[in-house]
$ cat upload.txt   # compact mmCIF, C-alpha atoms
# COMPACT_ATOMS: atom_id res chain seq x y z
CA MET A 1 -20.57 -59.34 60.82
CA SER A 2 -21.28 -56.39 58.51
CA ASP A 3 -20.23 -56.61 54.84
CA VAL A 4 -20.28 -52.81 54.50
CA LYS A 5 -16.82 -51.45 53.77
CA SER A 6 -15.43 -48.77 55.99
CA ARG A 7 -14.56 -45.38 54.56
CA SER A 8 -10.85 -46.09 55.04
CA ASP A 9 -11.16 -49.39 53.13
CA ILE A 10 -12.93 -47.64 50.23
CA ARG A 11 -10.29 -44.93 50.14
CA ALA A 12 -7.53 -47.55 50.17
CA GLU A 13 -9.13 -49.25 47.17
CA ILE A 14 -9.45 -45.93 45.34
CA SER A 15 -5.77 -45.18 46.08
CA GLN A 16 -4.78 -48.54 44.60
CA ILE A 17 -6.82 -47.81 41.46
CA ASP A 18 -5.11 -44.40 41.19
CA ARG A 19 -1.69 -46.07 41.43
CA ASP A 20 -2.67 -48.61 38.78
CA LEU A 21 -3.91 -45.78 36.56
CA VAL A 22 -0.59 -43.91 36.80
CA ASP A 23 1.35 -47.16 36.27
CA ASN A 24 -0.66 -47.88 33.12
CA ILE A 25 -0.05 -44.37 31.78
CA ALA A 26 3.67 -44.87 32.44
CA ARG A 27 3.60 -48.20 30.59
CA ARG A 28 1.73 -46.55 27.71
CA SER A 29 4.49 -43.91 27.54
CA GLU A 30 7.13 -46.65 27.39
CA LEU A 31 5.33 -48.21 24.42
CA ILE A 32 5.19 -44.79 22.73
CA GLU A 33 8.98 -44.64 23.07
CA GLU A 34 9.20 -48.03 21.34
CA ILE A 35 7.05 -46.70 18.50
CA LEU A 36 9.35 -43.67 18.28
CA ARG A 37 12.39 -45.89 17.86
CA GLU A 38 10.60 -47.93 15.19
CA LYS A 39 9.53 -44.80 13.29
CA ALA A 40 13.06 -43.43 13.46
CA THR A 41 14.29 -46.49 11.53
CA SER A 42 11.35 -47.04 9.20
CA GLY A 43 10.66 -43.40 8.38
CA GLY A 44 6.99 -43.75 9.25
CA SER A 45 4.72 -40.76 9.78
CA VAL A 46 4.66 -39.44 13.33
CA ARG A 47 0.92 -39.00 13.60
CA ASP A 48 -1.63 -41.62 12.61
CA ARG A 49 -5.06 -39.98 12.79
CA ASP A 50 -6.87 -43.15 11.68
CA ARG A 51 -5.28 -45.02 14.60
CA GLU A 52 -6.26 -42.25 17.04
CA GLN A 53 -9.84 -42.33 15.78
CA ALA A 54 -10.03 -46.11 16.14
CA VAL A 55 -8.62 -45.98 19.69
CA LEU A 56 -11.03 -43.23 20.70
CA LYS A 57 -13.99 -45.09 19.17
CA LEU A 58 -13.19 -48.23 21.18
CA ALA A 59 -12.70 -46.18 24.36
CA LEU A 60 -16.07 -44.46 23.96
CA GLU A 61 -17.80 -47.78 23.32
CA ARG A 62 -16.23 -49.11 26.52
CA ALA A 63 -17.37 -45.97 28.35
CA ASP A 64 -20.95 -46.60 27.24
CA GLU A 65 -20.75 -50.21 28.45
CA GLN A 66 -19.43 -49.15 31.87
CA GLY A 67 -21.72 -46.14 32.28
CA VAL A 68 -18.80 -43.69 32.30
CA PRO A 69 -19.49 -40.19 30.89
CA ARG A 70 -18.29 -39.99 27.29
CA ASP A 71 -16.99 -36.43 27.76
CA LEU A 72 -14.70 -37.57 30.57
CA VAL A 73 -13.25 -40.44 28.53
CA GLU A 74 -12.89 -38.30 25.41
CA GLN A 75 -11.04 -35.61 27.38
CA LEU A 76 -8.73 -38.21 28.94
CA PHE A 77 -7.80 -39.81 25.63
CA HIS A 78 -7.28 -36.50 23.87
CA SER A 79 -4.87 -35.59 26.68
CA LEU A 80 -3.04 -38.90 26.15
CA PHE A 81 -2.89 -38.32 22.39
CA GLU A 82 -1.57 -34.79 22.90
CA ALA A 83 1.16 -35.96 25.29
CA SER A 84 2.17 -38.65 22.79
CA ILE A 85 2.25 -36.23 19.86
CA GLN A 86 4.27 -33.67 21.78
CA ARG A 87 6.78 -36.33 22.78
CA GLN A 88 7.13 -37.47 19.18
CA ARG A 89 7.50 -33.89 17.96
CA GLN A 90 10.31 -33.36 20.43
CA GLN A 91 12.08 -36.32 18.86
CA PHE A 92 11.81 -34.92 15.34
CA ASP A 93 11.77 -31.17 16.01
CA SER A 94 13.96 -28.99 13.76
CA LEU A 95 15.26 -27.31 16.91
CA ARG A 96 16.38 -30.63 18.33
CA ASP A 97 20.15 -30.94 18.59
CA GLU A 98 21.95 -33.51 20.70
CA ASP A 99 24.52 -30.85 21.62
CA LEU A 100 21.90 -28.22 22.52
CA ASN A 101 22.32 -28.22 26.29
CA GLU A 102 21.57 -24.52 26.46
CA ALA A 103 20.46 -21.81 24.07
CA THR A 104 20.97 -18.06 24.22
CA VAL A 105 17.53 -16.65 23.55
CA ALA A 106 16.40 -13.06 23.03
CA TYR A 107 12.84 -12.18 24.00
CA LEU A 108 10.72 -9.18 24.91
CA GLY A 109 10.61 -7.97 28.51
CA GLY A 110 12.10 -9.43 31.64
CA PRO A 111 11.32 -12.24 34.10
CA GLY A 112 7.63 -13.10 34.30
CA SER A 113 6.69 -11.68 30.90
CA TYR A 114 4.65 -13.95 28.65
CA SER A 115 7.55 -13.94 26.17
CA HIS A 116 9.88 -15.15 28.93
CA ILE A 117 7.44 -17.92 29.92
CA ALA A 118 7.01 -18.97 26.27
CA ALA A 119 10.78 -19.16 25.74
CA GLN A 120 11.24 -21.27 28.87
CA LYS A 121 8.47 -23.70 27.96
CA LEU A 122 9.52 -23.98 24.34
CA PHE A 123 13.16 -24.84 24.99
CA ALA A 124 12.25 -27.08 27.91
CA ARG A 125 10.82 -29.37 25.23
CA GLN A 126 14.37 -29.69 23.87
CA ASN A 127 15.78 -30.33 27.36
CA ALA A 128 17.79 -27.15 26.87
CA ASN A 129 18.39 -24.41 29.42
CA VAL A 130 17.63 -20.86 28.29
CA VAL A 131 20.39 -18.31 28.66
CA PRO A 132 18.17 -15.22 28.72
CA SER A 133 18.85 -12.11 26.70
CA PRO A 134 15.86 -9.82 27.40
CA LYS A 135 15.29 -6.97 24.96
CA ARG A 136 13.22 -3.79 25.03
CA ASP A 137 11.71 -4.05 21.55
CA PHE A 138 11.23 -6.39 18.60
CA LEU A 139 13.91 -4.69 16.48
CA SER A 140 16.54 -5.43 19.13
CA ILE A 141 15.55 -9.11 19.12
CA PHE A 142 15.93 -9.43 15.35
CA ARG A 143 19.22 -7.54 15.34
CA SER A 144 20.68 -9.68 18.11
CA VAL A 145 19.89 -12.82 16.09
CA GLU A 146 21.26 -11.40 12.85
CA ASN A 147 24.54 -10.21 14.38
CA GLY A 148 25.13 -13.52 16.16
CA GLU A 149 24.71 -12.17 19.69
CA VAL A 150 22.13 -14.89 20.44
CA ASP A 151 21.21 -18.28 19.00
CA TYR A 152 17.48 -17.68 18.77
CA GLY A 153 14.81 -15.06 19.18
CA VAL A 154 11.30 -15.71 20.50
CA VAL A 155 8.66 -13.18 19.47
CA PRO A 156 4.85 -13.07 19.55
CA ILE A 157 3.41 -12.90 16.06
CA GLU A 158 -0.36 -13.11 16.58
CA ASN A 159 -3.03 -13.36 19.25
CA THR A 160 -6.48 -14.92 19.00
CA THR A 161 -8.15 -11.77 20.35
CA THR A 162 -6.02 -8.92 18.95
CA GLY A 163 -4.79 -10.41 15.67
CA ALA A 164 -1.43 -10.22 13.92
CA ILE A 165 1.50 -8.13 15.16
CA SER A 166 2.43 -6.08 12.09
CA GLU A 167 5.87 -5.00 13.31
CA VAL A 168 7.05 -8.60 13.63
CA TYR A 169 5.95 -9.39 10.08
CA ASP A 170 7.71 -6.26 8.80
CA LEU A 171 10.96 -7.33 10.49
CA LEU A 172 10.65 -10.88 9.15
CA LEU A 173 10.17 -9.61 5.61
CA ALA A 174 13.00 -7.09 5.79
CA GLY A 175 15.59 -9.23 7.58
CA ARG A 176 17.64 -12.40 7.11
CA THR A 177 16.09 -14.54 9.83
CA GLU A 178 13.58 -17.32 9.27
CA ILE A 179 11.00 -19.12 11.36
CA VAL A 180 12.35 -22.36 12.83
CA GLY A 181 9.66 -23.12 15.43
CA GLU A 182 6.44 -21.99 17.04
CA TYR A 183 4.68 -22.21 20.40
CA MET A 184 1.03 -21.63 21.29
CA LEU A 185 0.83 -20.08 24.77
CA LYS A 186 -2.51 -19.82 26.56
CA VAL A 187 -2.73 -16.36 28.10
CA ASP A 188 -4.07 -16.99 31.59
CA HIS A 189 -4.61 -13.54 33.06
CA CYS A 190 -4.90 -13.83 36.85
CA LEU A 191 -5.10 -11.43 39.76
CA ILE A 192 -1.98 -12.18 41.74
CA GLY A 193 -0.69 -10.80 45.03
CA ARG A 194 -0.33 -11.99 48.61
CA ALA A 195 -2.84 -14.46 50.04
CA SER A 196 -3.59 -12.13 52.96
CA GLY A 197 -4.81 -9.54 50.46
CA LEU A 198 -7.68 -11.63 49.14
CA GLY A 199 -10.83 -9.56 49.37
CA ARG A 200 -9.06 -6.30 50.18
CA VAL A 201 -7.08 -5.51 47.01
CA THR A 202 -7.56 -1.85 46.13
CA ARG A 203 -4.80 -1.25 43.55
CA VAL A 204 -3.85 -3.36 40.54
CA PHE A 205 -0.78 -2.91 38.35
CA GLY A 206 -0.32 -4.35 34.90
CA HIS A 207 0.88 -3.94 31.36
CA PRO A 208 -1.70 -1.89 29.38
CA GLN A 209 -2.58 -4.91 27.23
CA ALA A 210 -3.15 -7.15 30.25
CA LEU A 211 -5.38 -4.53 31.87
CA ALA A 212 -7.28 -3.98 28.61
CA GLN A 213 -7.90 -7.71 28.23
CA SER A 214 -9.29 -7.89 31.79
CA ARG A 215 -11.81 -5.04 31.52
CA ARG A 216 -14.81 -7.14 32.41
CA TYR A 217 -13.38 -8.30 35.74
CA LEU A 218 -12.05 -4.85 36.65
CA ALA A 219 -15.37 -3.19 35.73
CA GLY A 220 -17.05 -5.52 38.21
CA HIS A 221 -14.77 -4.25 40.98
CA PRO A 222 -15.02 -0.45 40.92
CA GLU A 223 -13.16 -0.27 44.24
CA ILE A 224 -9.94 -1.29 42.45
CA GLU A 225 -7.72 1.41 40.98
CA THR A 226 -5.69 0.37 37.94
CA HIS A 227 -2.12 1.52 37.35
CA MET A 228 -0.30 0.92 34.07
CA ALA A 229 3.25 -0.40 34.09
CA SER A 230 5.73 -0.31 31.22
CA SER A 231 5.98 -4.10 31.25
CA SER A 232 4.70 -7.15 33.09
CA THR A 233 8.08 -7.43 34.78
CA ARG A 234 7.90 -3.87 36.06
CA ALA A 235 4.36 -4.51 37.38
CA LEU A 236 5.64 -7.55 39.30
CA GLU A 237 8.61 -5.61 40.62
CA ARG A 238 6.25 -2.86 41.76
CA LEU A 239 4.22 -5.43 43.67
CA LEU A 240 7.36 -6.38 45.61
CA GLU A 241 7.38 -2.79 46.93
CA GLU A 242 3.70 -2.71 47.90
CA ASP A 243 1.61 -4.11 50.77
CA ASP A 244 -1.04 -6.82 50.50
CA THR A 245 -3.72 -4.42 49.25
CA ALA A 246 -1.96 -4.31 45.86
CA GLY A 247 -2.16 -6.84 43.05
CA VAL A 248 -1.02 -7.46 39.48
CA ILE A 249 -2.73 -8.80 36.39
CA ALA A 250 -0.32 -11.42 35.06
CA GLY A 251 0.04 -15.13 34.44
CA SER A 252 0.14 -17.91 37.01
CA ASP A 253 3.69 -18.81 35.91
CA ALA A 254 4.76 -15.26 36.72
CA ALA A 255 3.20 -15.56 40.18
CA LYS A 256 5.18 -18.74 40.80
CA LEU A 257 8.39 -17.13 39.54
CA PHE A 258 8.07 -14.13 41.86
CA GLY A 259 6.70 -16.07 44.83
CA PHE A 260 3.23 -14.50 44.81
CA ASP A 261 -0.17 -16.15 45.20
CA VAL A 262 -2.90 -16.46 42.58
CA LEU A 263 -5.83 -14.65 44.18
CA VAL A 264 -8.33 -14.98 41.31
CA ARG A 265 -7.90 -17.10 38.18
CA ASP A 266 -9.22 -16.40 34.68
CA VAL A 267 -9.86 -12.67 35.00
CA GLY A 268 -9.33 -12.18 31.25
CA ASP A 269 -12.26 -11.26 29.05
CA HIS A 270 -11.70 -14.21 26.70
CA GLU A 271 -11.33 -17.78 27.90
CA GLN A 272 -9.70 -18.95 24.66
CA ASN A 273 -6.92 -16.37 24.56
CA PHE A 274 -3.79 -17.75 22.88
CA THR A 275 -0.65 -16.03 21.67
CA ARG A 276 1.35 -17.67 18.93
CA PHE A 277 5.09 -17.22 19.39
CA ILE A 278 7.65 -17.96 16.69
CA VAL A 279 11.31 -18.87 17.05
CA ILE A 280 13.65 -17.09 14.65
CA ALA A 281 17.20 -17.98 13.71
CA LEU A 282 19.72 -17.35 10.95
CA GLN A 283 20.25 -20.98 10.07
CA SER A 284 17.66 -23.71 10.30
CA LYS A 285 17.77 -27.48 10.15
CA ARG A 286 14.61 -28.52 8.39
CA PRO A 287 12.48 -30.98 10.32
CA THR A 288 11.95 -34.49 9.04
CA ARG A 289 8.99 -34.95 6.72
CA ALA A 290 7.62 -37.54 9.17
CA VAL A 291 6.35 -34.82 11.50
CA GLU A 292 3.44 -32.45 10.88
CA CYS A 293 4.87 -29.13 9.71
CA LYS A 294 3.90 -25.67 8.62
CA THR A 295 5.45 -23.69 5.81
CA SER A 296 5.21 -19.89 5.90
CA MET A 297 5.73 -17.48 3.02
CA MET A 298 5.03 -14.02 1.62
CA PHE A 299 3.97 -13.43 -1.97
CA THR A 300 2.69 -10.69 -4.27
CA THR A 301 0.40 -11.52 -7.18
CA ARG A 302 0.60 -10.40 -10.78
CA ASP A 303 -1.58 -7.45 -11.77
CA ASP A 304 -4.16 -9.63 -13.51
CA PRO A 305 -7.87 -10.12 -12.78
CA GLY A 306 -8.38 -13.12 -10.52
CA ALA A 307 -4.64 -13.57 -9.96
CA LEU A 308 -5.04 -14.39 -6.26
CA ILE A 309 -7.65 -17.06 -6.92
CA ASP A 310 -5.52 -18.56 -9.70
CA ALA A 311 -2.43 -18.50 -7.47
CA LEU A 312 -4.19 -20.47 -4.72
CA MET A 313 -5.83 -23.08 -6.95
CA GLY A 314 -2.83 -25.38 -6.66
CA PHE A 315 -3.28 -25.65 -2.89
CA ARG A 316 -6.95 -26.54 -3.32
CA ASP A 317 -6.22 -29.09 -6.04
CA GLN A 318 -3.49 -30.71 -3.92
CA GLY A 319 -5.69 -30.79 -0.80
CA ILE A 320 -3.37 -28.53 1.20
CA ASN A 321 -4.89 -26.62 4.09
CA LEU A 322 -4.30 -22.85 4.25
CA VAL A 323 -3.84 -22.20 7.97
CA LYS A 324 -3.51 -18.45 7.54
CA LEU A 325 -3.91 -15.99 4.66
CA GLU A 326 -3.63 -12.29 5.38
CA SER A 327 -3.13 -9.26 3.17
CA ARG A 328 -0.85 -6.40 4.13
CA PRO A 329 -0.11 -3.10 2.36
CA ILE A 330 3.19 -2.71 0.52
CA ALA A 331 5.09 0.29 1.89
CA GLY A 332 5.70 2.86 -0.85
CA ASN A 333 3.17 1.28 -3.23
CA PRO A 334 -0.25 2.75 -2.37
CA TRP A 335 -3.21 0.36 -2.78
CA GLU A 336 -0.98 -2.61 -3.53
CA GLU A 337 -1.06 -5.64 -1.25
CA MET A 338 1.23 -8.50 -0.28
CA PHE A 339 -0.04 -11.75 1.20
CA ILE A 340 1.25 -13.66 4.23
CA MET A 341 0.37 -17.35 4.14
CA ASP A 342 0.90 -20.36 6.41
CA VAL A 343 0.07 -23.79 4.99
CA ASP A 344 0.07 -27.27 6.46
CA GLY A 345 2.90 -29.32 5.05
CA HIS A 346 6.65 -29.69 4.61
CA ILE A 347 8.33 -27.63 1.90
CA GLU A 348 9.74 -30.84 0.40
CA ASP A 349 6.37 -32.64 0.16
CA GLU A 350 5.49 -33.48 -3.43
CA ARG A 351 1.99 -32.01 -3.10
CA LEU A 352 3.33 -28.75 -1.72
CA ILE A 353 5.98 -28.56 -4.45
CA ALA A 354 3.24 -28.93 -7.06
CA ALA A 355 1.09 -26.24 -5.39
CA MET A 356 4.09 -23.89 -5.23
CA GLU A 357 4.63 -24.25 -8.99
CA VAL A 358 1.10 -22.96 -9.56
CA LEU A 359 1.65 -20.15 -7.07
CA GLN A 360 4.86 -19.12 -8.80
CA ALA A 361 3.12 -18.91 -12.18
CA HIS A 362 0.73 -16.25 -10.87
CA THR A 363 3.00 -14.20 -8.59
CA ARG A 364 5.69 -11.56 -8.98
CA GLU A 365 7.60 -12.42 -5.81
CA ILE A 366 7.69 -15.20 -3.23
CA LYS A 367 9.73 -15.09 -0.04
CA MET A 368 9.91 -18.22 2.10
CA LEU A 369 9.69 -17.40 5.80
CA GLY A 370 10.32 -20.87 7.21
CA CYS A 371 9.43 -24.55 7.43
CA TYR A 372 9.01 -25.84 10.99
CA VAL A 373 7.19 -28.24 13.28
CA SER A 374 3.58 -27.22 13.85
CA ASP A 375 2.52 -26.71 17.46
CA ARG A 376 -1.18 -26.99 16.66
CA ILE A 377 -2.85 -30.24 17.68
CA ASP A 378 -6.23 -30.87 16.05
CA GLN A 379 -8.37 -33.29 18.04
CA VAL A 380 -9.79 -36.29 16.25
CA LYS A 381 -13.58 -36.49 16.02
CA ILE A 382 -15.91 -39.48 16.16

$ encode --input "upload.txt" --output "structure tokens"
Amino acid sequence: MSDVKSRSDIRAEISQIDRDLVDNIARRSELIEEILREKATSGGSVRDRDREQAVLKLALERADEQGVPRDLVEQLFHSLFEASIQRQRQQFDSLRDEDLNEATVAYLGGPGSYSHIAAQKLFARQNANVVPSPKRDFLSIFRSVENGEVDYGVVPIENTTTGAISEVYDLLLAGRTEIVGEYMLKVDHCLIGRASGLGRVTRVFGHPQALAQSRRYLAGHPEIETHMASSSTRALERLLEEDDTAGVIAGSDAAKLFGFDVLVRDVGDHEQNFTRFIVIALQSKRPTRAVECKTSMMFTTRDDPGALIDALMGFRDQGINLVKLESRPIAGNPWEEMFIMDVDGHIEDERLIAAMEVLQAHTREIKMLGCYVSDRIDQVKI
């Protein structure tokens, strides 16, 4: 009698291992919930980087013992850490409200736009339905929040390939809204259409920015004519009117929303293409200090030599990370600059309070733009 397992027996054993793997992940999630409840009562910090590092170190040592690729294990555990952190952030998020079953949200464009997708994903974290209020421009979004037409606005503020969006900063500085949240959306430009059109697409529609960020792919297919649309939504609507030789450059979520197929993935020029969206509101509930936060502000320095360096010394001395520091011209004051700054930390942290005292001593004006839960997750290193 042969001891060699049949293919079906091997597959059955693999299926059992897969079930056990999912069951263990589920049990791990249950334990995370227990930690959440304990932290809610004890006031402990949400993220413990030392613990993450120790867990990852043990996992990698086990991988070496079992002959499992370290990269695979590291990727798996970083995914587990990220899921845990996101769950804990949901618990402590400043947007979290037990009565927030739905939120009226203004955003740019219509169904299928990246702003629409970001709004849906962001409020899904709060288990809240989005009552959409699409707008044609950024000014309309800010006005609708300020006049109470909507609860929140979701606007893109910077992109990893094209930089900051100046108009959004101008509206933040001039208005009464503040930042109450953020969301990092990976821009996954795809060629979408109908499956039967694969290999015979001759016309592609898209927002000018989407087409511009997919130049490399389009240049490699000279047979494809490009047609600009006023918005991603309009490009998708146009595709509904066309045959299967037409396509659109848009995201995979948009394809799903409109019932199209993803013909080619990752047609964008940059693999790491992220857009940072912010949530604006008139009133904010500050997040608990237990969660990792950002604080955003604008300031102008005194007209003294080295004033900027002196103003920032407090952040260095207190060990506070400057996530973003950008200068912008002051309208009406030629050759004078203001500074936009995001720092890691809660506005009520003692270290940040001390750093702000130094900043204030060397500045003419400071405007706080918001304190909110950070969406950035830095991976631990071994």

$ closest_residue --input "upload.txt" --among "A:Ala212, A:Leu108, A:Val155, A:Ala164" --to "A:Pro134" --atoms "all atoms listed in the file"
A:Leu108

$ closest_atom_pairs --input "upload.txt" --of "stretch 206-229 of chain A" --to "stretch 258-271 of chain A" --cutoff "10 Å" --atoms "all atoms listed in the file" --output "Markdown table"
| residue | atom | partner | partner_atom | distance |
| --- | --- | --- | --- | --- |
| A:Ala210 | CA | A:Gly268 | CA | 8.0 |
| A:Leu211 | CA | A:Gly268 | CA | 8.6 |
| A:Ala212 | CA | A:Asp269 | CA | 8.8 |
| A:Gln213 | CA | A:Gly268 | CA | 5.6 |
| A:Ser214 | CA | A:Gly268 | CA | 4.3 |
| A:Arg215 | CA | A:Asp269 | CA | 6.7 |
| A:Arg216 | CA | A:Asp269 | CA | 5.9 |
| A:Tyr217 | CA | A:Val267 | CA | 5.7 |
| A:Leu218 | CA | A:Val267 | CA | 8.3 |

$ residues_around --input "upload.txt" --residues "A:Ser144" --least-positions-apart "2" --cutoff "12 Å" --atoms "all atoms listed in the file" --output "CSV table (one decimal) with C-alpha atoms, keeping the file's coordinate frame"
chain,number,residue,atom,x,y,z
A,104,THR,CA,21.0,-18.1,24.2
A,105,VAL,CA,17.5,-16.6,23.6
A,106,ALA,CA,16.4,-13.1,23.0
A,107,TYR,CA,12.8,-12.2,24.0
A,133,SER,CA,18.8,-12.1,26.7
A,134,PRO,CA,15.9,-9.8,27.4
A,135,LYS,CA,15.3,-7.0,25.0
A,136,ARG,CA,13.2,-3.8,25.0
A,137,ASP,CA,11.7,-4.0,21.6
A,138,PHE,CA,11.2,-6.4,18.6
A,139,LEU,CA,13.9,-4.7,16.5
A,140,SER,CA,16.5,-5.4,19.1
A,141,ILE,CA,15.6,-9.1,19.1
A,142,PHE,CA,15.9,-9.4,15.4
A,146,GLU,CA,21.3,-11.4,12.8
A,147,ASN,CA,24.5,-10.2,14.4
A,148,GLY,CA,25.1,-13.5,16.2
A,149,GLU,CA,24.7,-12.2,19.7
A,150,VAL,CA,22.1,-14.9,20.4
A,151,ASP,CA,21.2,-18.3,19.0
A,152,TYR,CA,17.5,-17.7,18.8
A,153,GLY,CA,14.8,-15.1,19.2
A,154,VAL,CA,11.3,-15.7,20.5
A,175,GLY,CA,15.6,-9.2,7.6
A,176,ARG,CA,17.6,-12.4,7.1
A,177,THR,CA,16.1,-14.5,9.8
A,280,ILE,CA,13.6,-17.1,14.6
A,281,ALA,CA,17.2,-18.0,13.7
A,282,LEU,CA,19.7,-17.4,11.0

$ atom_distance --input "upload.txt" --atom1 "atom CA of A:Pro305" --atom2 "atom CA of A:Val343"
23.8 Å

$ closest_residue --input "upload.txt" --among "A:Phe81, A:Ile340, A:Cys190, A:Ile32" --to "A:Gln53" --atoms "only C-alpha atoms"
A:Phe81

$ closest_atom_pairs --input "upload.txt" --of "stretch 152-181 of chain A" --to "stretch 322-328 of chain A" --cutoff "10 Å" --atoms "all atoms listed in the file" --output "JSON lines"
{"residue": "A:Ala164", "atom": "CA", "partner": "A:Glu326", "partner_atom": "CA", "distance": 9.1}
{"residue": "A:Ser166", "atom": "CA", "partner": "A:Arg328", "partner_atom": "CA", "distance": 8.6}
{"residue": "A:Tyr169", "atom": "CA", "partner": "A:Arg328", "partner_atom": "CA", "distance": 9.5}
{"residue": "A:Asp170", "atom": "CA", "partner": "A:Arg328", "partner_atom": "CA", "distance": 9.8}

$ residues_near_point --input "upload.txt" --point "(10.4, -18.7, 29.1)" --cutoff "12 Å" --atoms "only C-alpha atoms" --output "number ranges by chain"
A: 103-125, 128-134, 153-155, 183, 185, 253-254, 257, 277

$ atom_distance --input "upload.txt" --atom1 "atom CA of A:Glu38" --atom2 "atom CA of A:Lys294"
24.2 Å

$ residues_near_point --input "upload.txt" --point "(10.9, -16.7, -6.4)" --cutoff "12 Å" --atoms "all atoms listed in the file" --output "list in words"
Met297, Met298, Phe299, Thr300, Thr301, Met356, Glu357, Leu359, Gln360, Ala361, His362, Thr363, Arg364, Glu365, Ile366, Lys367 and Met368 of chain A

$ write_last_selection --input "upload.txt" --atoms "C-alpha atoms" --output "PDB file, in the frame of the given file"
ATOM      1  CA  MET A 297       5.730 -17.480   3.020  1.00  0.00           C
ATOM      2  CA  MET A 298       5.030 -14.020   1.620  1.00  0.00           C
ATOM      3  CA  PHE A 299       3.970 -13.430  -1.970  1.00  0.00           C
ATOM      4  CA  THR A 300       2.690 -10.690  -4.270  1.00  0.00           C
ATOM      5  CA  THR A 301       0.400 -11.520  -7.180  1.00  0.00           C
ATOM      6  CA  MET A 356       4.090 -23.890  -5.230  1.00  0.00           C
ATOM      7  CA  GLU A 357       4.630 -24.250  -8.990  1.00  0.00           C
ATOM      8  CA  LEU A 359       1.650 -20.150  -7.070  1.00  0.00           C
ATOM      9  CA  GLN A 360       4.860 -19.120  -8.800  1.00  0.00           C
ATOM     10  CA  ALA A 361       3.120 -18.910 -12.180  1.00  0.00           C
ATOM     11  CA  HIS A 362       0.730 -16.250 -10.870  1.00  0.00           C
ATOM     12  CA  THR A 363       3.000 -14.200  -8.590  1.00  0.00           C
ATOM     13  CA  ARG A 364       5.690 -11.560  -8.980  1.00  0.00           C
ATOM     14  CA  GLU A 365       7.600 -12.420  -5.810  1.00  0.00           C
ATOM     15  CA  ILE A 366       7.690 -15.200  -3.230  1.00  0.00           C
ATOM     16  CA  LYS A 367       9.730 -15.090  -0.040  1.00  0.00           C
ATOM     17  CA  MET A 368       9.910 -18.220   2.100  1.00  0.00           C
TER      18      MET A 368
END

$ atom_distance --input "upload.txt" --atom1 "atom CA of A:Arg51" --atom2 "atom CA of A:Gly319"
21.0 Å

$ residues_around --input "upload.txt" --residues "A:Leu240" --least-positions-apart "6" --cutoff "12 Å" --atoms "all atoms listed in the file" --output "PyMOL selection string"
chain A and resi 192-194+205+233-234+246-248+255+258-260
